[in-house]
Amino acid sequence: MFEGYDFEVIRTSLPYLFRDGMTFTVTLTLIAMSGGIVFGTLLALMRLSAFRILSMLAGGYVNLMRSVPLLLVIFWFFFLVPYIGAWLVGAERPIPVGAFWSAAITFTMFEAAYYCEIMRAGIQSIPRGQVWSGYALGLNYWQTMAQVVLPQAFRNMLPVLLTQTIILFQDTSLVYVISATDFLGAAAKVANRDYRLVEMYTFVAAVYFIISYSLSVLVKRLQDRIAIVR
Amino acid sequence: MISIRNVSKWYGTFQVLNGCSTEVAKGEVVVVCGPSGSGKSTLIKCVNALEPFQKGEITVDGVSVGDPKTNLPKLRARVGMVFQHFELFPHMTVTQNLTLGQVKALGRSQDEARDKGLKLLDRVGLIDQKDKYPAQLSGGQQQRVAIARALSMDPVAMLFDEPTSALDPEMINEVLDVMVGLAKEGMTMMVVTHEMGFARKVAHRVIFMDGGRIVEDAKTDAFFGTPRSERAQQFLSKILHH
């Protein structure tokens, strides 16, 4: 059934696909994950703040990001980031940031909204008494958060945070709209050059499936382990 | 040491504390009792500002709790508090639980905090549990660690919020023994509890609360002998005669 297909093209393009494409995808995922979790946690703290202005700002940001298609956000940031950069440093011309950093900033900002909601649920799952207990020992707000609440919230939410990261890993393929060469982008280039679309896209799908599925199995195991310790 | 004057508190329109006034002198042990929902836990949480109050004044060792200019973390670091559900930090070992406040709030060195914490852990009879996590200890043991943790801050007074209510009956005494020891050493203590035996044994005064008010505030002997209010009489007859 495979006559007419040329699987050789996959073998010869493997170094390019992984060295260029997958490196881009994985780096982008890791940056957006770490940046998104840090920024998202700050947003969560703002959302739960007793100061109305802070919680409204964070709430507005999260709702905005979650109501706009990711593809649009990628577009907007690609065009806007150079101008925002110029405005921030006071330069007269837009600062060229390149597809990678544009994507890194976009995904960090976008994912932060989702990580925020996860961390918010995590923080709210910590009993009130834990906060009281931290305060009663003379810890201030930031110390109580950093030492008592966030470590527990993060630990409880780790499986969900990782699941969100798997989604992020797949979503990074959308950077093709700004012509970035991620794993899918690299495969698309080879596919178009050699006119081997079926082979390349099948291969790409298989790789995404294997990585995402293995990760989700790992997350499941982790979840069971956390459940036992608790 | 602790002075509570005319304190009232509302949750929305619901009044939980209604003009409460009392004093706890240095070295005095005061037991606060009353039916559930009477405001006793809320009152004791107002003392170290875990709960805000809208009217009245509370001072601890001369420092006003309600004053917005008061450095609350600093004030709380000097008042030990023990909770009904222990509230040890589950992600830290017993030793880490004992040192966190000392290092972060008092600025002690790790070694100093550790020495101090372990000495107190030894005192509550749990030195061999120092590397365990709270979940590996029984309720009574956790509460004793919580008391050691509060004491490690060298508090000027200790607040206990129903410290034995979440314990299995057979573990209550090990916790009460530690508290009796503290009281005998002259620690200033305010204790919300239903343990009337403890109150009889070590309390100097007993406060009875109902419906957000302090209904009775009497010397221990007088309280158990002839409580003046009918409500306190009813309460005592219910919990003492089984």
# chains A, B, ... in the order shown; residues from 1 in each chain; ligands from 1

call {"tool": "residues_around", "arguments": {"residues": "Met46 in chain A", "least_positions_apart": "6", "cutoff": "9 Å", "atoms": "only C-alpha atoms", "output": "ChimeraX atom specification"}}
result
/A:53-59

call {"tool": "residues_around", "arguments": {"residues": "Ser36 in chain B", "least_positions_apart": "2", "cutoff": "12 Å", "atoms": "only C-alpha atoms", "output": "PyMOL selection string"}}
result
chain B and resi 16+32-34+38-42+162+165+192-194+208-212+235

call {"tool": "closest_atom_pairs", "arguments": {"of": "chain A", "to": "chain B", "cutoff": "9 Å", "atoms": "only C-alpha atoms", "output": "Markdown table"}}
result
| residue | atom | partner | partner_atom | distance |
| --- | --- | --- | --- | --- |
| A:Pro127 | CA | B:Glu87 | CA | 9.0 |
| A:Gly129 | CA | B:Glu87 | CA | 6.1 |
| A:Gln130 | CA | B:Glu87 | CA | 5.6 |
| A:Val131 | CA | B:Glu87 | CA | 8.9 |
| A:Trp132 | CA | B:Leu50 | CA | 6.4 |
| A:Ser133 | CA | B:Glu87 | CA | 6.1 |
| A:Gly134 | CA | B:Gly101 | CA | 7.9 |
| A:Tyr135 | CA | B:Pro73 | CA | 6.7 |
| A:Ala136 | CA | B:Arg76 | CA | 5.4 |
| A:Leu137 | CA | B:Ala77 | CA | 5.2 |
| A:Gly138 | CA | B:Ala77 | CA | 4.0 |
| A:Leu139 | CA | B:Ala105 | CA | 5.6 |
| A:Asn140 | CA | B:Pro73 | CA | 5.6 |
| A:Tyr141 | CA | B:Pro73 | CA | 8.9 |
| A:Gln143 | CA | B:Lys104 | CA | 7.7 |
| A:Gln147 | CA | B:Leu100 | CA | 8.4 |
| A:Val148 | CA | B:Phe89 | CA | 6.7 |
| A:Pro151 | CA | B:His91 | CA | 7.7 |
| A:Gln152 | CA | B:His91 | CA | 6.7 |
| A:Val229 | CA | B:Ala135 | CA | 8.8 |
| A:Arg230 | CA | B:Ala135 | CA | 8.0 |

call {"tool": "atom_distance", "arguments": {"atom1": "CA of Phe110 in chain A", "atom2": "CA of Tyr61 in chain A"}}
result
9.7 Å

call {"tool": "atom_distance", "arguments": {"atom1": "CA of Lys130 in chain B", "atom2": "CA of Ala146 in chain A"}}
result
22.9 Å

call {"tool": "atom_distance", "arguments": {"atom1": "CA of Leu240 in chain B", "atom2": "CA of Asn173 in chain B"}}
result
17.5 Å

call {"tool": "residues_around", "arguments": {"residues": "Pro15 in chain A", "least_positions_apart": "4", "cutoff": "12 Å", "atoms": "only C-alpha atoms", "output": "list in words"}}
result
Val9, Ile10, Arg11, Arg19, Asp20, Gly21, Met22, Thr23, Phe183, Ala186, Ala187 and Val190 of chain A

call {"tool": "select_by_dssp", "arguments": {"residues": "range 90-223 of chain B", "states": "helix (DSSP H, G or I)", "output": "short mmCIF file (atom, residue, chain, number, x, y, z; two decimals) with C-alpha atoms, in the first residue's frame"}}
result
data_model
loop_
_atom_site.label_atom_id
_atom_site.label_comp_id
_atom_site.auth_asym_id
_atom_site.auth_seq_id
_atom_site.Cartn_x
_atom_site.Cartn_y
_atom_site.Cartn_z
CA VAL B 94 9.30 19.06 61.69
CA THR B 95 12.66 20.83 62.01
CA GLN B 96 11.92 23.12 59.06
CA ASN B 97 8.56 23.94 60.62
CA LEU B 98 10.34 24.92 63.81
CA THR B 99 12.93 27.15 62.16
CA LEU B 100 10.96 28.97 59.43
CA GLY B 101 9.51 31.73 61.60
CA GLN B 102 12.67 32.20 63.63
CA VAL B 103 14.80 32.65 60.51
CA LYS B 104 12.39 34.69 58.38
CA ALA B 105 10.65 36.81 61.00
CA LEU B 106 13.25 37.10 63.76
CA GLN B 110 19.78 28.62 60.71
CA ASP B 111 21.98 27.05 63.39
CA GLU B 112 20.61 29.19 66.18
CA ALA B 113 17.02 28.54 65.07
CA ARG B 114 17.70 24.83 64.79
CA ASP B 115 19.20 24.60 68.28
CA LYS B 116 16.31 26.52 69.76
CA GLY B 117 13.70 24.52 67.85
CA LEU B 118 15.18 21.16 68.76
CA LYS B 119 15.44 22.11 72.42
CA LEU B 120 11.71 22.86 72.45
CA LEU B 121 10.97 19.74 70.44
CA ASP B 122 12.79 17.77 73.12
CA ARG B 123 10.72 19.51 75.74
CA ILE B 127 13.01 14.97 69.48
CA ASP B 128 13.16 11.63 67.65
CA GLN B 129 10.56 12.91 65.15
CA PRO B 134 3.74 16.35 59.73
CA ALA B 135 1.62 13.74 57.90
CA GLN B 136 3.76 11.01 59.49
CA GLY B 139 -2.65 14.49 65.73
CA GLY B 140 -1.43 14.84 69.29
CA GLN B 141 2.18 14.84 68.13
CA GLN B 142 1.44 17.43 65.47
CA GLN B 143 -0.17 19.69 68.01
CA ARG B 144 2.81 19.36 70.33
CA VAL B 145 5.11 20.31 67.45
CA ALA B 146 2.83 23.28 66.78
CA ILE B 147 3.20 24.37 70.40
CA ALA B 148 6.98 23.98 70.19
CA ARG B 149 6.96 26.00 66.97
CA ALA B 150 5.05 28.83 68.63
CA LEU B 151 7.33 28.75 71.68
CA PRO B 169 -9.76 11.49 72.95
CA GLU B 170 -6.67 9.50 73.86
CA MET B 171 -4.38 12.20 72.47
CA ILE B 172 -5.92 15.11 74.30
CA ASN B 173 -3.97 14.60 77.49
CA GLU B 174 -0.52 14.66 75.93
CA VAL B 175 -1.33 18.12 74.56
CA LEU B 176 -2.96 19.35 77.76
CA ASP B 177 0.05 18.18 79.77
CA VAL B 178 2.31 20.43 77.72
CA MET B 179 -0.09 23.33 78.20
CA VAL B 180 -0.33 22.76 81.95
CA GLY B 181 3.47 22.77 82.11
CA LEU B 182 3.54 26.09 80.27
CA ALA B 183 0.94 27.61 82.56
CA LYS B 184 2.86 26.53 85.65
CA MET B 196 -13.17 22.25 81.74
CA GLY B 197 -10.78 20.01 83.65
CA PHE B 198 -7.90 22.02 82.25
CA ALA B 199 -9.68 25.26 83.10
CA ARG B 200 -10.27 24.14 86.68
CA LYS B 201 -6.68 23.03 87.08
CA VAL B 202 -4.70 25.97 85.70
CA THR B 220 -12.09 30.15 88.10
CA ASP B 221 -13.44 29.04 91.50
CA ALA B 222 -16.28 31.49 91.32
CA PHE B 223 -17.14 30.45 87.76
#

call {"tool": "residues_around", "arguments": {"residues": "Tyr213 in chain A", "least_positions_apart": "6", "cutoff": "12 Å", "atoms": "only C-alpha atoms", "output": "count of residues only"}}
result
10

call {"tool": "residues_around", "arguments": {"residues": "Ile105 in chain A", "least_positions_apart": "3", "cutoff": "9 Å", "atoms": "only C-alpha atoms", "output": "PyMOL selection string"}}
result
chain A and resi 31-32+35+77+81+100-102+108-110

call {"tool": "write_last_selection", "arguments": {"atoms": "N, CA and C atoms", "output": "tab-separated table (two decimals), in the first residue's frame"}}
result
chain	number	residue	atom	x	y	z
A	31	ILE	N	10.70	28.14	27.31
A	31	ILE	CA	10.71	29.56	27.69
A	31	ILE	C	9.30	30.02	28.04
A	32	ALA	N	8.33	29.67	27.17
A	32	ALA	CA	6.95	30.10	27.42
A	32	ALA	C	6.40	29.47	28.69
A	35	GLY	N	8.37	31.28	31.74
A	35	GLY	CA	7.90	32.66	31.80
A	35	GLY	C	6.42	32.72	32.14
A	77	PHE	N	1.05	40.39	18.17
A	77	PHE	CA	2.33	40.61	18.85
A	77	PHE	C	3.47	40.72	17.86
A	81	VAL	N	5.15	43.99	18.87
A	81	VAL	CA	6.31	43.91	19.76
A	81	VAL	C	7.45	44.85	19.35
A	100	PHE	N	11.62	34.34	16.53
A	100	PHE	CA	11.72	33.53	17.74
A	100	PHE	C	11.31	34.32	18.97
A	101	TRP	N	11.91	35.51	19.15
A	101	TRP	CA	11.61	36.27	20.37
A	101	TRP	C	10.21	36.81	20.36
A	102	SER	N	9.73	37.15	19.17
A	102	SER	CA	8.34	37.56	19.08
A	102	SER	C	7.43	36.44	19.56
A	108	THR	N	4.52	33.41	26.07
A	108	THR	CA	4.62	33.65	27.51
A	108	THR	C	3.40	34.43	28.01
A	109	MET	N	3.08	35.51	27.29
A	109	MET	CA	1.96	36.35	27.71
A	109	MET	C	0.64	35.60	27.60
A	110	PHE	N	0.50	34.82	26.53
A	110	PHE	CA	-0.76	34.12	26.31
A	110	PHE	C	-0.94	33.00	27.32

call {"tool": "closest_residue", "arguments": {"among": "B:Asp67, B:Ser138, B:Val31, B:Cys46", "to": "Ala166 in chain B", "atoms": "only C-alpha atoms"}}
result
B:Ser138

call {"tool": "closest_residue", "arguments": {"among": "A:Met65, A:Cys116, A:Ile74, A:Leu150", "to": "Gly36 in chain A", "atoms": "only C-alpha atoms"}}
result
A:Cys116

call {"tool": "select_by_dssp", "arguments": {"residues": "range 49-225 of chain B", "states": "strand (DSSP E or B)", "output": "PyMOL selection string"}}
result
chain B and resi 55-60+63-64+79-82+157-161+189-192+205-210+213-219
